[in-house]
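K.L.:
One file is attached below, protein-v3.txt, containing compact mmCIF, N, CA, C and O atoms.
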# COMPACT_ATOMS: atom_id res chain seq x y z
N MET C 23 80.86 265.89 195.13
CA MET C 23 80.62 264.47 195.27
C MET C 23 80.51 264.14 196.77
O MET C 23 81.43 264.38 197.54
N PRO C 24 79.38 263.61 197.18
CA PRO C 24 79.26 263.18 198.58
C PRO C 24 80.21 262.02 198.85
O PRO C 24 80.59 261.29 197.94
N VAL C 25 80.56 261.85 200.09
CA VAL C 25 81.45 260.75 200.49
C VAL C 25 80.67 259.81 201.40
O VAL C 25 79.63 260.17 201.93
N LYS C 26 81.19 258.60 201.58
CA LYS C 26 80.53 257.63 202.44
C LYS C 26 81.56 256.98 203.36
O LYS C 26 82.49 256.34 202.89
N MET C 27 81.37 257.17 204.65
CA MET C 27 82.27 256.61 205.64
C MET C 27 81.96 255.12 205.83
O MET C 27 80.80 254.71 205.72
N LYS C 28 82.97 254.34 206.10
CA LYS C 28 82.77 252.92 206.39
C LYS C 28 81.89 252.78 207.63
O LYS C 28 82.06 253.52 208.60
N LYS C 29 80.95 251.84 207.59
CA LYS C 29 79.96 251.69 208.65
C LYS C 29 80.59 251.54 210.03
O LYS C 29 80.21 252.20 210.99
N GLU C 30 81.59 250.65 210.15
CA GLU C 30 82.19 250.39 211.46
C GLU C 30 82.97 251.61 211.97
O GLU C 30 83.02 251.87 213.17
N ILE C 31 83.55 252.36 211.05
CA ILE C 31 84.28 253.57 211.43
C ILE C 31 83.31 254.65 211.87
O ILE C 31 83.54 255.36 212.86
N ARG C 32 82.20 254.82 211.14
CA ARG C 32 81.20 255.84 211.47
C ARG C 32 80.70 255.67 212.90
O ARG C 32 80.56 256.63 213.65
N LYS C 33 80.46 254.41 213.29
CA LYS C 33 79.96 254.13 214.64
C LYS C 33 80.98 254.55 215.70
O LYS C 33 80.64 255.20 216.69
N ARG C 34 82.25 254.20 215.48
CA ARG C 34 83.30 254.56 216.45
C ARG C 34 83.51 256.07 216.51
O ARG C 34 83.66 256.64 217.59
N VAL C 35 83.54 256.72 215.35
CA VAL C 35 83.77 258.17 215.30
C VAL C 35 82.64 258.91 215.99
O VAL C 35 82.88 259.84 216.76
N ALA C 36 81.40 258.50 215.74
CA ALA C 36 80.26 259.15 216.37
C ALA C 36 80.37 259.08 217.90
O ALA C 36 80.14 260.08 218.59
N CYS C 37 80.75 257.95 218.40
CA CYS C 37 80.92 257.77 219.84
C CYS C 37 82.06 258.64 220.37
O CYS C 37 81.94 259.29 221.41
N MET C 38 83.17 258.66 219.63
CA MET C 38 84.35 259.41 220.09
C MET C 38 84.13 260.92 220.13
O MET C 38 84.60 261.59 221.04
N ILE C 39 83.42 261.46 219.13
CA ILE C 39 83.27 262.92 219.09
C ILE C 39 81.97 263.40 219.70
O ILE C 39 81.71 264.60 219.74
N GLY C 40 81.14 262.48 220.18
CA GLY C 40 79.92 262.87 220.90
C GLY C 40 78.79 263.33 220.00
O GLY C 40 78.11 264.31 220.29
N THR C 41 78.57 262.61 218.90
CA THR C 41 77.47 262.92 218.01
C THR C 41 76.80 261.61 217.60
O THR C 41 77.12 260.56 218.14
N THR C 42 75.85 261.69 216.69
CA THR C 42 75.14 260.48 216.25
C THR C 42 75.61 260.05 214.87
O THR C 42 76.14 260.85 214.10
N GLN C 43 75.37 258.78 214.56
CA GLN C 43 75.71 258.28 213.23
C GLN C 43 74.87 258.99 212.17
O GLN C 43 75.34 259.25 211.07
N GLU C 44 73.63 259.33 212.50
CA GLU C 44 72.76 260.03 211.56
C GLU C 44 73.32 261.41 211.22
O GLU C 44 73.29 261.85 210.07
N ALA C 45 73.87 262.11 212.22
CA ALA C 45 74.48 263.42 211.97
C ALA C 45 75.68 263.30 211.03
O ALA C 45 75.88 264.13 210.14
N ILE C 46 76.45 262.24 211.20
CA ILE C 46 77.60 262.02 210.32
C ILE C 46 77.12 261.68 208.91
O ILE C 46 77.68 262.17 207.92
N ARG C 47 76.05 260.88 208.79
CA ARG C 47 75.50 260.55 207.46
C ARG C 47 75.07 261.81 206.73
O ARG C 47 75.30 261.96 205.53
N LYS C 48 74.42 262.72 207.45
CA LYS C 48 73.98 263.98 206.83
C LYS C 48 75.18 264.81 206.39
O LYS C 48 75.16 265.44 205.33
N ALA C 49 76.24 264.83 207.19
CA ALA C 49 77.45 265.56 206.83
C ALA C 49 78.11 264.94 205.60
O ALA C 49 78.62 265.64 204.73
N GLU C 50 78.08 263.62 205.51
CA GLU C 50 78.64 262.92 204.35
C GLU C 50 77.87 263.29 203.09
O GLU C 50 78.46 263.58 202.05
N ALA C 51 76.54 263.30 203.19
CA ALA C 51 75.70 263.61 202.03
C ALA C 51 75.86 265.06 201.60
O ALA C 51 75.79 265.38 200.42
N GLY C 52 76.09 265.94 202.56
CA GLY C 52 76.24 267.36 202.25
C GLY C 52 77.67 267.78 201.98
O GLY C 52 77.93 268.93 201.65
N GLY C 53 78.60 266.84 202.11
CA GLY C 53 80.02 267.16 201.90
C GLY C 53 80.31 267.42 200.45
O GLY C 53 79.63 266.93 199.55
N ASP C 54 81.34 268.21 200.20
CA ASP C 54 81.69 268.52 198.82
C ASP C 54 82.65 267.48 198.24
O ASP C 54 82.97 267.52 197.06
N GLY C 55 83.10 266.54 199.06
CA GLY C 55 83.98 265.48 198.57
C GLY C 55 85.37 265.96 198.18
O GLY C 55 86.10 265.26 197.51
N ARG C 56 85.72 267.17 198.61
CA ARG C 56 87.03 267.71 198.27
C ARG C 56 88.10 267.06 199.13
O ARG C 56 88.00 267.01 200.34
N LEU C 57 89.12 266.59 198.49
CA LEU C 57 90.23 265.94 199.18
C LEU C 57 91.23 267.01 199.61
O LEU C 57 91.66 267.84 198.81
N ASP C 58 91.58 267.03 200.87
CA ASP C 58 92.60 267.93 201.40
C ASP C 58 93.84 267.12 201.72
O ASP C 58 93.74 265.96 202.11
N MET C 59 94.98 267.72 201.57
CA MET C 59 96.24 267.05 201.88
C MET C 59 96.87 267.68 203.11
O MET C 59 96.80 268.89 203.30
N GLY C 60 97.47 266.85 203.95
CA GLY C 60 98.12 267.37 205.15
C GLY C 60 99.15 266.39 205.66
O GLY C 60 99.20 265.24 205.24
N PRO C 61 100.00 266.85 206.59
CA PRO C 61 101.04 265.97 207.14
C PRO C 61 100.44 264.87 208.00
O PRO C 61 99.41 265.04 208.63
N ASN C 62 101.13 263.74 208.04
CA ASN C 62 100.67 262.58 208.79
C ASN C 62 101.50 262.40 210.06
O ASN C 62 102.64 261.98 210.00
N ASP C 63 100.93 262.72 211.20
CA ASP C 63 101.53 262.43 212.51
C ASP C 63 103.01 262.82 212.63
O ASP C 63 103.80 262.08 213.21
N GLY C 64 103.38 263.92 212.05
CA GLY C 64 104.75 264.39 212.20
C GLY C 64 105.80 263.62 211.44
O GLY C 64 106.99 263.82 211.64
N THR C 65 105.38 262.71 210.56
CA THR C 65 106.37 261.93 209.81
C THR C 65 106.87 262.67 208.58
O THR C 65 107.84 262.24 207.96
N GLY C 66 106.18 263.75 208.22
CA GLY C 66 106.58 264.52 207.06
C GLY C 66 105.96 264.05 205.76
O GLY C 66 106.10 264.69 204.73
N THR C 67 105.25 262.92 205.80
CA THR C 67 104.58 262.45 204.60
C THR C 67 103.19 263.09 204.51
O THR C 67 102.59 263.43 205.52
N LEU C 68 102.69 263.23 203.30
CA LEU C 68 101.36 263.81 203.11
C LEU C 68 100.31 262.71 203.06
O LEU C 68 100.54 261.64 202.49
N CYS C 69 99.17 262.99 203.64
CA CYS C 69 98.04 262.07 203.62
C CYS C 69 96.79 262.83 203.18
O CYS C 69 96.72 264.04 203.32
N GLY C 70 95.80 262.10 202.71
CA GLY C 70 94.55 262.71 202.29
C GLY C 70 93.54 262.73 203.42
O GLY C 70 93.48 261.82 204.25
N PHE C 71 92.74 263.80 203.44
CA PHE C 71 91.68 263.96 204.43
C PHE C 71 90.44 264.52 203.75
O PHE C 71 90.55 265.26 202.78
N TYR C 72 89.28 264.15 204.26
CA TYR C 72 88.02 264.77 203.84
C TYR C 72 87.54 265.66 204.97
O TYR C 72 87.59 265.28 206.14
N LEU C 73 87.06 266.84 204.62
CA LEU C 73 86.52 267.79 205.59
C LEU C 73 85.02 267.61 205.64
O LEU C 73 84.34 267.73 204.62
N LEU C 74 84.49 267.27 206.82
CA LEU C 74 83.05 267.16 207.02
C LEU C 74 82.64 268.15 208.10
O LEU C 74 83.36 268.34 209.08
N HIS C 75 81.49 268.77 207.92
CA HIS C 75 80.95 269.70 208.92
C HIS C 75 79.89 268.95 209.72
O HIS C 75 78.75 268.82 209.32
N VAL C 76 80.30 268.41 210.87
CA VAL C 76 79.46 267.55 211.69
C VAL C 76 78.94 268.33 212.90
O VAL C 76 79.72 268.97 213.61
N PRO C 77 77.62 268.28 213.15
CA PRO C 77 77.09 268.93 214.36
C PRO C 77 77.48 268.14 215.61
O PRO C 77 77.20 266.94 215.71
N VAL C 78 78.15 268.82 216.55
CA VAL C 78 78.57 268.21 217.81
C VAL C 78 78.09 269.13 218.93
O VAL C 78 78.49 270.28 219.01
N LYS C 79 77.23 268.59 219.77
CA LYS C 79 76.69 269.34 220.92
C LYS C 79 76.12 270.69 220.49
O LYS C 79 76.40 271.72 221.10
N GLY C 80 75.34 270.68 219.41
CA GLY C 80 74.64 271.88 218.97
C GLY C 80 75.44 272.84 218.13
O GLY C 80 74.91 273.84 217.67
N LYS C 81 76.73 272.59 217.92
CA LYS C 81 77.56 273.46 217.09
C LYS C 81 78.12 272.65 215.92
O LYS C 81 78.39 271.47 216.06
N ILE C 82 78.29 273.33 214.79
CA ILE C 82 78.89 272.68 213.64
C ILE C 82 80.40 272.68 213.81
O ILE C 82 81.02 273.73 213.99
N GLU C 83 80.99 271.52 213.80
CA GLU C 83 82.43 271.36 213.97
C GLU C 83 83.05 270.88 212.67
O GLU C 83 82.87 269.71 212.30
N PRO C 84 83.78 271.73 211.95
CA PRO C 84 84.48 271.23 210.76
C PRO C 84 85.62 270.31 211.21
O PRO C 84 86.44 270.69 212.03
N THR C 85 85.62 269.08 210.72
CA THR C 85 86.57 268.08 211.17
C THR C 85 87.19 267.36 209.98
O THR C 85 86.49 267.00 209.04
N LEU C 86 88.50 267.16 210.03
CA LEU C 86 89.20 266.41 209.00
C LEU C 86 89.23 264.93 209.37
O LEU C 86 89.59 264.58 210.50
N PHE C 87 88.84 264.08 208.42
CA PHE C 87 88.86 262.63 208.62
C PHE C 87 89.77 262.01 207.58
O PHE C 87 89.69 262.35 206.40
N PRO C 88 90.65 261.07 207.97
CA PRO C 88 91.54 260.41 207.00
C PRO C 88 90.75 259.68 205.92
O PRO C 88 89.68 259.13 206.19
N THR C 89 91.28 259.66 204.72
CA THR C 89 90.58 259.02 203.60
C THR C 89 90.36 257.53 203.82
O THR C 89 89.40 256.97 203.30
N GLU C 90 91.21 256.88 204.62
CA GLU C 90 91.01 255.44 204.84
C GLU C 90 89.76 255.14 205.66
O GLU C 90 89.36 253.99 205.78
N TYR C 91 89.11 256.17 206.23
CA TYR C 91 87.85 255.98 206.94
C TYR C 91 86.68 255.81 205.97
O TYR C 91 85.59 255.46 206.38
N PHE C 92 86.89 256.09 204.69
CA PHE C 92 85.81 256.16 203.72
C PHE C 92 85.85 255.02 202.72
O PHE C 92 86.90 254.49 202.41
N VAL C 93 84.67 254.69 202.20
CA VAL C 93 84.54 253.72 201.13
C VAL C 93 85.13 254.36 199.89
O VAL C 93 84.86 255.53 199.60
N LYS C 94 85.93 253.62 199.15
CA LYS C 94 86.53 254.17 197.94
C LYS C 94 85.45 254.39 196.89
O LYS C 94 84.64 253.51 196.63
N GLN C 95 85.46 255.60 196.32
CA GLN C 95 84.50 255.96 195.30
C GLN C 95 85.22 256.50 194.09
O GLN C 95 86.26 257.14 194.23
N LYS C 96 84.68 256.25 192.92
CA LYS C 96 85.25 256.81 191.72
C LYS C 96 84.62 258.16 191.46
O LYS C 96 83.43 258.36 191.69
N GLU C 97 85.44 259.09 190.96
CA GLU C 97 84.91 260.40 190.61
C GLU C 97 84.06 260.27 189.36
O GLU C 97 84.32 259.44 188.50
N ASP C 98 83.05 261.10 189.26
CA ASP C 98 82.21 261.12 188.06
C ASP C 98 83.02 261.63 186.88
O ASP C 98 83.72 262.63 187.00
N GLU C 99 82.93 260.95 185.79
CA GLU C 99 83.62 261.39 184.59
C GLU C 99 82.72 262.36 183.85
O GLU C 99 81.52 262.16 183.72
N GLU C 100 83.32 263.44 183.37
CA GLU C 100 82.54 264.43 182.64
C GLU C 100 82.80 264.33 181.17
O GLU C 100 83.82 264.01 180.71
Please rewrite the model in this file as structure tokens.
P.N.:
Amino acid sequence: MPVKMKKEIRKRVACMIGTTQEAIRKAEAGGDGRLDMGPNDGTGTLCGFYLLHVPVKGKIEPTLFPTEYFVKQKEDEE
């Protein structure tokens, strides 16, 4: 399942990591939508992250983004 980052977040993230919004859109569309769990800022609580493979300066950088950066989507029911 592809994921979709919130528009305002995508713009800030693209600027911060040195890539374009279009590159992030392509990574979102090609993402597997798999939710990863990890610790949150040393507090010991678990948070959800999506892994996107975003091209940064000519190299693919696998990067974890917090789930709150994304538009909430329902999983497809089978």
K.L.:
Identify, on the basis of only C-alpha atoms, every residue whose closest approach to region 83-96 of chain C does not exceed 9 Å; exclude the query and any residue fewer than 2 positions from it along the same chain; express the result as JSON, numbers by chain.
P.N.:
{"C": [25, 26, 27, 28, 29, 31, 32, 57, 58, 69, 70, 71, 72, 73, 74, 75, 76, 77, 78, 81, 98, 99]}
K.L.:
Any chance you could list, as a list in words, the residues in chain C that come up strand (DSSP E) when DSSP is run on the backbone?
P.N.:
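After running DSSP on the backbone, chain C has strand (DSSP E) at Leu57, Asp58, Met59, Gly60, Pro61, Leu68, Cys69, Gly70, Phe71, Tyr72, Leu73, Leu74, His75, Val76, Pro77, Val78, Lys81, Ile82, Glu83, Pro84, Thr85, Leu86, Phe87 and Pro88 of chain C.
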K.L.:
As a list in words, please: every residue in chain C that a backbone DSSP assignment puts in alpha helix (DSSP H).
P.N.:
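Matching residues, listed in order: Lys29, Glu30, Ile31, Arg32, Lys33, Arg34, Val35, Ala36, Cys37, Met38, Ile39, Gln43, Glu44, Ala45, Ile46, Arg47, Lys48, Ala49, Glu50, Ala51 and Gly52 of chain C.
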K.L.:
Could you state the separation of CA of Lys48 (chain C) and CA of Ala36 (chain C) in Å, given to one decimal place?
P.N.:
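Spanning CA of Lys48 (chain C) to CA of Ala36 (chain C) is a straight-line distance of 12.4 Å.
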K.L.:
Could you work out how far atom C of Thr41 (chain C) lies from CA of Lys79 (chain C), giving the answer in Å with one decimal?
P.N.:
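Interatomic distance here is 8.4 Å.
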K.L.:
Calculate how many Å separate atom C of Pro24 (chain C) from atom C of Arg56 (chain C), rounding to one decimal.
P.N.:
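These atoms are spaced 9.4 Å apart.
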